[in-house]
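What follows is a short report on a single structure.
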Amino acid sequence: MKEKILKWWKIFLISILWIFILLECYHIFVDTYNFRQLEKAKPILESIPLDAKTFYSLEEFNDQYNAEIKPVNNCYIVSNYSWREPYIFWFKLESYLYIYIYGTQYYAYPKYDVPYWQKCVWWIWCYDRNWESFQYIVSHPCETSWE
């Protein structure tokens with residue numbers, strides 16, 4: 001009886017391991033796709049003059065520059081208004097591998113440089129409204145909006 005239980009336990013653990021491996025492979029595919037979209041957008045972003053019309057979203061960027069950048073899972077933040085940087089391209093990393101490599105779950109190119117915008121709930125708790133907003137956008141499909 002113990003051998004039978006042990007056998008089923010091993011089958012269960014191997015099944016869980018395979019499911020994890022398959023999901024991680026999909027997440028690696030998503031991250032690789034996102035970095036390819038970034039590489040596709042970089043030449044356009046680098047060629048935009050500093051006095052160009054400001055865009056704040058992926059949709060506006062695609063409309064103004066015919067970039068055809070399309071997210072596969074969650075939305076991107078693409079803007080030429082990024083404080084000290086000339087532009088920002090931001091997305092969420094999905095795989096444990098890429099999160100480990102970059103040390104963060106949210107990848108911003110060239111870097112996240114948006115000023116801290118403090119929002120407080122009474123006197124107890126304050127948070128960065130910009131970071132929360134950006135985090136929400138890159139964690140959801142583009143059809144949803146921040147409220």
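The chains in the structure tokens are called A, B, ... from first to last as shown; in each chain the residues are counted from 1, and the ligands are counted from 1 in the order shown.
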From the DSSP assignment of the backbone, select every residue of stretch 74-140 of chain A that is helix (DSSP H, G or I), and format the answer as an mmCIF file with all heavy atoms, in the first residue's frame.
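What ended up in result.cif:
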data_model
loop_
_atom_site.group_PDB
_atom_site.id
_atom_site.type_symbol
_atom_site.label_atom_id
_atom_site.label_comp_id
_atom_site.auth_asym_id
_atom_site.auth_seq_id
_atom_site.Cartn_x
_atom_site.Cartn_y
_atom_site.Cartn_z
ATOM 1 N N TYR A 96 10.386 33.858 -14.380
ATOM 2 C CA TYR A 96 11.315 33.910 -13.259
ATOM 3 C C TYR A 96 12.746 34.110 -13.749
ATOM 4 O O TYR A 96 13.539 34.773 -13.088
ATOM 5 C CB TYR A 96 11.227 32.623 -12.423
ATOM 6 C CG TYR A 96 9.933 32.492 -11.666
ATOM 7 C CD1 TYR A 96 9.042 31.457 -11.939
ATOM 8 C CD2 TYR A 96 9.592 33.405 -10.672
ATOM 9 C CE1 TYR A 96 7.855 31.340 -11.246
ATOM 10 C CE2 TYR A 96 8.397 33.302 -9.981
ATOM 11 C CZ TYR A 96 7.537 32.260 -10.265
ATOM 12 O OH TYR A 96 6.367 32.154 -9.583
ATOM 13 N N LEU A 97 13.063 33.565 -14.903
ATOM 14 C CA LEU A 97 14.404 33.708 -15.466
ATOM 15 C C LEU A 97 14.745 35.179 -15.721
ATOM 16 O O LEU A 97 15.770 35.674 -15.255
ATOM 17 C CB LEU A 97 14.522 32.910 -16.768
ATOM 18 C CG LEU A 97 15.844 33.079 -17.513
ATOM 19 C CD1 LEU A 97 16.995 32.501 -16.705
ATOM 20 C CD2 LEU A 97 15.762 32.416 -18.876
ATOM 21 N N TYR A 98 13.881 35.907 -16.434
ATOM 22 C CA TYR A 98 14.145 37.316 -16.731
ATOM 23 C C TYR A 98 14.051 38.190 -15.483
ATOM 24 O O TYR A 98 14.785 39.167 -15.350
ATOM 25 C CB TYR A 98 13.213 37.824 -17.822
ATOM 26 C CG TYR A 98 13.685 37.468 -19.208
ATOM 27 C CD1 TYR A 98 13.198 36.350 -19.861
ATOM 28 C CD2 TYR A 98 14.626 38.244 -19.868
ATOM 29 C CE1 TYR A 98 13.635 36.011 -21.126
ATOM 30 C CE2 TYR A 98 15.067 37.928 -21.133
ATOM 31 C CZ TYR A 98 14.568 36.797 -21.763
ATOM 32 O OH TYR A 98 15.007 36.475 -23.014
ATOM 33 N N ILE A 99 13.151 37.858 -14.581
ATOM 34 C CA ILE A 99 13.062 38.608 -13.318
ATOM 35 C C ILE A 99 14.367 38.454 -12.548
ATOM 36 O O ILE A 99 14.891 39.421 -11.990
ATOM 37 C CB ILE A 99 11.854 38.147 -12.482
ATOM 38 C CG1 ILE A 99 10.551 38.561 -13.173
ATOM 39 C CG2 ILE A 99 11.912 38.706 -11.065
ATOM 40 C CD1 ILE A 99 9.298 37.946 -12.573
ATOM 41 N N TYR A 100 14.937 37.263 -12.559
ATOM 42 C CA TYR A 100 16.213 37.026 -11.890
ATOM 43 C C TYR A 100 17.341 37.789 -12.586
ATOM 44 O O TYR A 100 18.168 38.418 -11.935
ATOM 45 C CB TYR A 100 16.519 35.525 -11.860
ATOM 46 C CG TYR A 100 17.864 35.213 -11.267
ATOM 47 C CD1 TYR A 100 18.070 35.273 -9.892
ATOM 48 C CD2 TYR A 100 18.932 34.867 -12.084
ATOM 49 C CE1 TYR A 100 19.306 34.998 -9.341
ATOM 50 C CE2 TYR A 100 20.178 34.591 -11.541
ATOM 51 C CZ TYR A 100 20.359 34.654 -10.173
ATOM 52 O OH TYR A 100 21.585 34.392 -9.636
ATOM 53 N N ILE A 101 17.370 37.749 -13.911
ATOM 54 C CA ILE A 101 18.433 38.416 -14.674
ATOM 55 C C ILE A 101 18.421 39.920 -14.429
ATOM 56 O O ILE A 101 19.466 40.534 -14.203
ATOM 57 C CB ILE A 101 18.296 38.113 -16.189
ATOM 58 C CG1 ILE A 101 18.652 36.656 -16.463
ATOM 59 C CG2 ILE A 101 19.165 39.044 -17.020
ATOM 60 C CD1 ILE A 101 18.321 36.180 -17.867
ATOM 61 N N TYR A 102 17.241 40.550 -14.483
ATOM 62 C CA TYR A 102 17.148 42.008 -14.363
ATOM 63 C C TYR A 102 16.900 42.494 -12.938
ATOM 64 O O TYR A 102 16.944 43.694 -12.678
ATOM 65 C CB TYR A 102 16.080 42.545 -15.312
ATOM 66 C CG TYR A 102 16.519 42.400 -16.749
ATOM 67 C CD1 TYR A 102 16.034 41.380 -17.543
ATOM 68 C CD2 TYR A 102 17.464 43.263 -17.292
ATOM 69 C CE1 TYR A 102 16.456 41.221 -18.855
ATOM 70 C CE2 TYR A 102 17.901 43.119 -18.596
ATOM 71 C CZ TYR A 102 17.388 42.090 -19.372
ATOM 72 O OH TYR A 102 17.823 41.941 -20.659
ATOM 73 N N ARG A 129 1.843 57.628 -6.519
ATOM 74 C CA ARG A 129 0.709 57.489 -7.437
ATOM 75 C C ARG A 129 1.185 57.178 -8.858
ATOM 76 O O ARG A 129 0.557 56.408 -9.568
ATOM 77 C CB ARG A 129 -0.123 58.774 -7.410
ATOM 78 C CG ARG A 129 -1.301 58.770 -8.324
ATOM 79 C CD ARG A 129 -2.482 58.103 -7.668
ATOM 80 N NE ARG A 129 -3.669 58.433 -8.450
ATOM 81 C CZ ARG A 129 -4.428 57.521 -9.014
ATOM 82 N NH1 ARG A 129 -4.179 56.259 -8.870
ATOM 83 N NH2 ARG A 129 -5.479 57.884 -9.712
ATOM 84 N N ASN A 130 2.301 57.787 -9.301
ATOM 85 C CA ASN A 130 2.823 57.496 -10.644
ATOM 86 C C ASN A 130 3.207 56.029 -10.778
ATOM 87 O O ASN A 130 2.844 55.372 -11.750
ATOM 88 C CB ASN A 130 4.052 58.367 -10.949
ATOM 89 C CG ASN A 130 3.681 59.783 -11.294
ATOM 90 O OD1 ASN A 130 2.594 60.055 -11.782
ATOM 91 N ND2 ASN A 130 4.590 60.696 -11.034
ATOM 92 N N TRP A 131 3.961 55.525 -9.802
ATOM 93 C CA TRP A 131 4.402 54.122 -9.853
ATOM 94 C C TRP A 131 3.196 53.181 -9.850
ATOM 95 O O TRP A 131 3.144 52.233 -10.614
ATOM 96 C CB TRP A 131 5.329 53.822 -8.677
ATOM 97 C CG TRP A 131 5.770 52.390 -8.625
ATOM 98 C CD1 TRP A 131 5.232 51.402 -7.857
ATOM 99 C CD2 TRP A 131 6.806 51.784 -9.391
ATOM 100 N NE1 TRP A 131 5.887 50.217 -8.091
ATOM 101 C CE2 TRP A 131 6.858 50.429 -9.031
ATOM 102 C CE3 TRP A 131 7.697 52.262 -10.341
ATOM 103 C CZ2 TRP A 131 7.769 49.546 -9.590
ATOM 104 C CZ3 TRP A 131 8.603 51.373 -10.896
ATOM 105 C CH2 TRP A 131 8.634 50.038 -10.516
ATOM 106 N N GLU A 132 2.224 53.446 -9.002
ATOM 107 C CA GLU A 132 1.016 52.617 -8.927
ATOM 108 C C GLU A 132 0.275 52.610 -10.265
ATOM 109 O O GLU A 132 -0.187 51.579 -10.735
ATOM 110 C CB GLU A 132 0.080 53.112 -7.821
ATOM 111 C CG GLU A 132 0.623 52.964 -6.431
ATOM 112 C CD GLU A 132 0.615 51.528 -5.934
ATOM 113 O OE1 GLU A 132 -0.301 50.767 -6.286
ATOM 114 O OE2 GLU A 132 1.544 51.185 -5.185
ATOM 115 N N SER A 133 0.159 53.776 -10.867
ATOM 116 C CA SER A 133 -0.517 53.903 -12.155
ATOM 117 C C SER A 133 0.215 53.122 -13.229
ATOM 118 O O SER A 133 -0.390 52.348 -13.978
ATOM 119 C CB SER A 133 -0.604 55.385 -12.531
ATOM 120 O OG SER A 133 -0.945 55.548 -13.869
ATOM 121 N N PHE A 134 1.521 53.312 -13.331
ATOM 122 C CA PHE A 134 2.313 52.607 -14.338
ATOM 123 C C PHE A 134 2.275 51.096 -14.103
ATOM 124 O O PHE A 134 2.135 50.317 -15.030
ATOM 125 C CB PHE A 134 3.751 53.094 -14.338
ATOM 126 C CG PHE A 134 3.914 54.475 -14.899
ATOM 127 C CD1 PHE A 134 4.997 55.240 -14.550
ATOM 128 C CD2 PHE A 134 2.989 55.013 -15.777
ATOM 129 C CE1 PHE A 134 5.163 56.521 -15.066
ATOM 130 C CE2 PHE A 134 3.138 56.279 -16.294
ATOM 131 C CZ PHE A 134 4.229 57.031 -15.939
ATOM 132 N N GLN A 135 2.403 50.706 -12.867
ATOM 133 C CA GLN A 135 2.386 49.288 -12.521
ATOM 134 C C GLN A 135 1.058 48.648 -12.946
ATOM 135 O O GLN A 135 1.042 47.541 -13.462
ATOM 136 C CB GLN A 135 2.602 49.141 -11.019
ATOM 137 C CG GLN A 135 2.871 47.759 -10.549
ATOM 138 C CD GLN A 135 3.145 47.725 -9.061
ATOM 139 O OE1 GLN A 135 2.737 48.616 -8.303
ATOM 140 N NE2 GLN A 135 3.822 46.703 -8.617
ATOM 141 N N TYR A 136 -0.026 49.348 -12.747
ATOM 142 C CA TYR A 136 -1.335 48.832 -13.140
ATOM 143 C C TYR A 136 -1.412 48.655 -14.663
ATOM 144 O O TYR A 136 -1.862 47.624 -15.151
ATOM 145 C CB TYR A 136 -2.447 49.771 -12.668
ATOM 146 C CG TYR A 136 -3.818 49.273 -13.035
ATOM 147 C CD1 TYR A 136 -4.482 48.377 -12.215
ATOM 148 C CD2 TYR A 136 -4.434 49.666 -14.219
ATOM 149 C CE1 TYR A 136 -5.736 47.886 -12.559
ATOM 150 C CE2 TYR A 136 -5.683 49.182 -14.566
ATOM 151 C CZ TYR A 136 -6.326 48.296 -13.732
ATOM 152 O OH TYR A 136 -7.554 47.806 -14.087
ATOM 153 N N ILE A 137 -0.960 49.656 -15.398
ATOM 154 C CA ILE A 137 -1.052 49.609 -16.860
ATOM 155 C C ILE A 137 -0.273 48.440 -17.432
ATOM 156 O O ILE A 137 -0.769 47.701 -18.275
ATOM 157 C CB ILE A 137 -0.565 50.940 -17.476
ATOM 158 C CG1 ILE A 137 -1.563 52.050 -17.140
ATOM 159 C CG2 ILE A 137 -0.402 50.815 -18.996
ATOM 160 C CD1 ILE A 137 -1.067 53.447 -17.438
ATOM 161 N N VAL A 138 0.965 48.227 -16.979
ATOM 162 C CA VAL A 138 1.784 47.163 -17.549
ATOM 163 C C VAL A 138 1.435 45.783 -16.992
ATOM 164 O O VAL A 138 1.998 44.783 -17.437
ATOM 165 C CB VAL A 138 3.303 47.437 -17.385
ATOM 166 C CG1 VAL A 138 3.688 48.705 -18.111
ATOM 167 C CG2 VAL A 138 3.723 47.464 -15.939
#
Spatial neighbours of stretch 33-35 of chain A, max dist 10 Å, only C-alpha atoms, sep filter under 3 positions, as an mmCIF file with N, CA and C atoms, in the first residue's frame:
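This went into selection-v3.cif:
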data_model
loop_
_atom_site.group_PDB
_atom_site.id
_atom_site.type_symbol
_atom_site.label_atom_id
_atom_site.label_comp_id
_atom_site.auth_asym_id
_atom_site.auth_seq_id
_atom_site.Cartn_x
_atom_site.Cartn_y
_atom_site.Cartn_z
ATOM 1 N N HIS A 27 6.140 31.951 -20.377
ATOM 2 C CA HIS A 27 6.529 33.260 -19.847
ATOM 3 C C HIS A 27 7.845 33.740 -20.447
ATOM 4 N N ILE A 28 8.771 32.835 -20.706
ATOM 5 C CA ILE A 28 10.022 33.204 -21.384
ATOM 6 C C ILE A 28 9.714 33.673 -22.801
ATOM 7 N N PHE A 29 8.786 32.997 -23.477
ATOM 8 C CA PHE A 29 8.361 33.427 -24.810
ATOM 9 C C PHE A 29 7.800 34.851 -24.756
ATOM 10 N N VAL A 30 6.943 35.145 -23.781
ATOM 11 C CA VAL A 30 6.341 36.485 -23.639
ATOM 12 C C VAL A 30 7.430 37.533 -23.413
ATOM 13 N N LEU A 38 10.570 45.973 -28.003
ATOM 14 C CA LEU A 38 11.416 47.097 -27.578
ATOM 15 C C LEU A 38 12.482 47.385 -28.629
ATOM 16 N N GLU A 39 13.132 46.353 -29.143
ATOM 17 C CA GLU A 39 14.158 46.541 -30.175
ATOM 18 C C GLU A 39 13.557 47.141 -31.445
ATOM 19 N N LYS A 40 12.323 46.787 -31.734
ATOM 20 C CA LYS A 40 11.615 47.347 -32.887
ATOM 21 C C LYS A 40 11.287 48.834 -32.662
ATOM 22 N N ALA A 41 10.989 49.201 -31.426
ATOM 23 C CA ALA A 41 10.605 50.585 -31.101
ATOM 24 C C ALA A 41 11.808 51.502 -30.888
ATOM 25 N N ILE A 69 3.603 48.403 -32.806
ATOM 26 C CA ILE A 69 4.059 47.684 -31.622
ATOM 27 C C ILE A 69 2.819 47.070 -30.980
ATOM 28 N N LYS A 70 2.843 45.753 -30.809
ATOM 29 C CA LYS A 70 1.675 45.057 -30.273
ATOM 30 C C LYS A 70 2.078 44.169 -29.105
ATOM 31 N N PRO A 71 1.501 44.389 -27.949
ATOM 32 C CA PRO A 71 1.808 43.516 -26.811
ATOM 33 C C PRO A 71 1.140 42.154 -26.980
ATOM 34 N N VAL A 72 1.774 41.131 -26.461
ATOM 35 C CA VAL A 72 1.214 39.791 -26.548
ATOM 36 C C VAL A 72 0.390 39.449 -25.308
ATOM 37 N N ASN A 73 0.711 40.052 -24.183
ATOM 38 C CA ASN A 73 0.033 39.703 -22.946
ATOM 39 C C ASN A 73 -0.490 40.956 -22.251
ATOM 40 N N ASN A 74 0.388 41.717 -21.622
ATOM 41 C CA ASN A 74 0.002 42.954 -20.940
ATOM 42 C C ASN A 74 0.435 44.157 -21.760
ATOM 43 N N CYS A 75 -0.069 45.321 -21.388
ATOM 44 C CA CYS A 75 0.200 46.540 -22.143
ATOM 45 C C CYS A 75 1.603 47.071 -21.878
ATOM 46 N N TYR A 76 2.055 47.966 -22.739
ATOM 47 C CA TYR A 76 3.320 48.671 -22.572
ATOM 48 C C TYR A 76 3.014 50.134 -22.260
ATOM 49 N N TRP A 90 8.153 50.721 -21.214
ATOM 50 C CA TRP A 90 8.073 49.983 -19.954
ATOM 51 C C TRP A 90 7.133 48.811 -20.089
ATOM 52 N N PHE A 91 7.531 47.644 -19.556
ATOM 53 C CA PHE A 91 6.662 46.473 -19.560
ATOM 54 C C PHE A 91 6.967 45.586 -18.366
ATOM 55 N N LYS A 92 6.093 44.645 -18.126
ATOM 56 C CA LYS A 92 6.229 43.735 -16.999
ATOM 57 C C LYS A 92 6.908 42.456 -17.465
ATOM 58 N N LEU A 93 7.909 42.012 -16.720
ATOM 59 C CA LEU A 93 8.550 40.731 -16.996
ATOM 60 C C LEU A 93 7.688 39.619 -16.401
ATOM 61 N N GLU A 94 7.565 38.524 -17.143
ATOM 62 C CA GLU A 94 6.686 37.437 -16.730
ATOM 63 C C GLU A 94 7.440 36.222 -16.172
ATOM 64 N N TYR A 107 10.369 46.184 -16.234
ATOM 65 C CA TYR A 107 11.530 46.608 -17.004
ATOM 66 C C TYR A 107 11.208 47.913 -17.735
#
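Among the candidate residues A:Ile77, A:Lys7, A:Ser139, A:Ser15, the one lying nearest to A:Glu59 is A:Ile77, with distances computed using only C-alpha atoms.
Nearest residue to A:Ser47, choosing from A:Phe12, A:Trp18, A:Tyr109, A:Tyr87 and counting only C-alpha atoms: A:Tyr87.
Take the candidates A:Ile19, A:Tyr127, A:Gln64, A:Lys2 and check each one against A:Ile48 using only C-alpha atoms; the shortest distance goes to A:Gln64.
All residues within chain A that the backbone DSSP calculation assigns to strand (DSSP E) are Ile77, Val78, Ser79, Ile88, Phe89, Trp90, Phe91, Lys92, Tyr106, Tyr107, Ala108, Tyr109, Gln118, Lys119, Cys120, Val121, Trp125, Cys126, Tyr127 and Asp128 of chain A.
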Could you save those same residues with N, CA and C atoms as a tab-separated table (two decimals), in the first residue's frame?
chain	number	residue	atom	x	y	z
A	77	ILE	N	3.95	50.77	-21.58
A	77	ILE	CA	3.91	52.22	-21.47
A	77	ILE	C	4.99	52.73	-22.41
A	78	VAL	N	4.58	53.55	-23.35
A	78	VAL	CA	5.50	54.18	-24.29
A	78	VAL	C	5.18	55.66	-24.28
A	79	SER	N	6.19	56.47	-24.00
A	79	SER	CA	5.97	57.91	-23.93
A	79	SER	C	7.26	58.66	-24.21
A	88	ILE	N	10.38	56.66	-22.65
A	88	ILE	CA	10.34	55.47	-21.81
A	88	ILE	C	9.55	54.39	-22.54
A	89	PHE	N	10.01	53.17	-22.42
A	89	PHE	CA	9.32	51.98	-22.91
A	89	PHE	C	9.34	51.02	-21.74
A	90	TRP	N	8.15	50.72	-21.21
A	90	TRP	CA	8.07	49.98	-19.95
A	90	TRP	C	7.13	48.81	-20.09
A	91	PHE	N	7.53	47.64	-19.56
A	91	PHE	CA	6.66	46.47	-19.56
A	91	PHE	C	6.97	45.59	-18.37
A	92	LYS	N	6.09	44.65	-18.13
A	92	LYS	CA	6.23	43.74	-17.00
A	92	LYS	C	6.91	42.46	-17.46
A	106	TYR	N	9.49	44.76	-13.28
A	106	TYR	CA	9.06	45.80	-14.22
A	106	TYR	C	10.29	46.37	-14.92
A	107	TYR	N	10.37	46.18	-16.23
A	107	TYR	CA	11.53	46.61	-17.00
A	107	TYR	C	11.21	47.91	-17.73
A	108	ALA	N	12.03	48.93	-17.49
A	108	ALA	CA	11.86	50.22	-18.16
A	108	ALA	C	13.12	50.53	-18.95
A	109	TYR	N	12.94	50.96	-20.20
A	109	TYR	CA	14.07	51.36	-21.02
A	109	TYR	C	13.91	52.81	-21.43
A	118	GLN	N	3.39	61.88	-4.42
A	118	GLN	CA	2.89	61.33	-3.18
A	118	GLN	C	1.38	61.49	-3.05
A	119	LYS	N	0.75	60.41	-2.73
A	119	LYS	CA	-0.69	60.40	-2.45
A	119	LYS	C	-0.83	59.76	-1.07
A	120	CYS	N	-1.50	60.43	-0.17
A	120	CYS	CA	-1.61	59.93	1.20
A	120	CYS	C	-3.06	59.60	1.55
A	121	VAL	N	-3.22	58.54	2.31
A	121	VAL	CA	-4.50	58.16	2.87
A	121	VAL	C	-4.43	58.56	4.35
A	125	TRP	N	-0.73	56.38	5.69
A	125	TRP	CA	-0.10	55.64	4.61
A	125	TRP	C	0.02	56.52	3.37
A	126	CYS	N	1.22	56.58	2.77
A	126	CYS	CA	1.45	57.32	1.54
A	126	CYS	C	2.08	56.40	0.51
A	127	TYR	N	1.82	56.68	-0.76
A	127	TYR	CA	2.39	55.88	-1.83
A	127	TYR	C	2.63	56.74	-3.06
A	128	ASP	N	3.42	56.22	-3.98
A	128	ASP	CA	3.75	56.92	-5.21
A	128	ASP	C	2.65	56.64	-6.23
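Comparing the minimum interatomic distances between A:Ser57 and each of A:Cys142, A:Trp122, A:Glu24, A:Pro43, counting only C-alpha atoms, we find that A:Cys142 sits nearest.
Atom CA of A:Ser95 is positioned 25.9 Å from atom CA of A:Leu45.
Proximity ranking of A:Ile124, A:Ile44, A:Ile21, A:Leu50 relative to A:Glu85 places A:Leu50 first, based on only C-alpha atoms.
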request  = To one decimal in Å, tell me the separation between atom CA of A:Pro86 and atom CA of A:Pro110.
outcome  = 9.0 Å
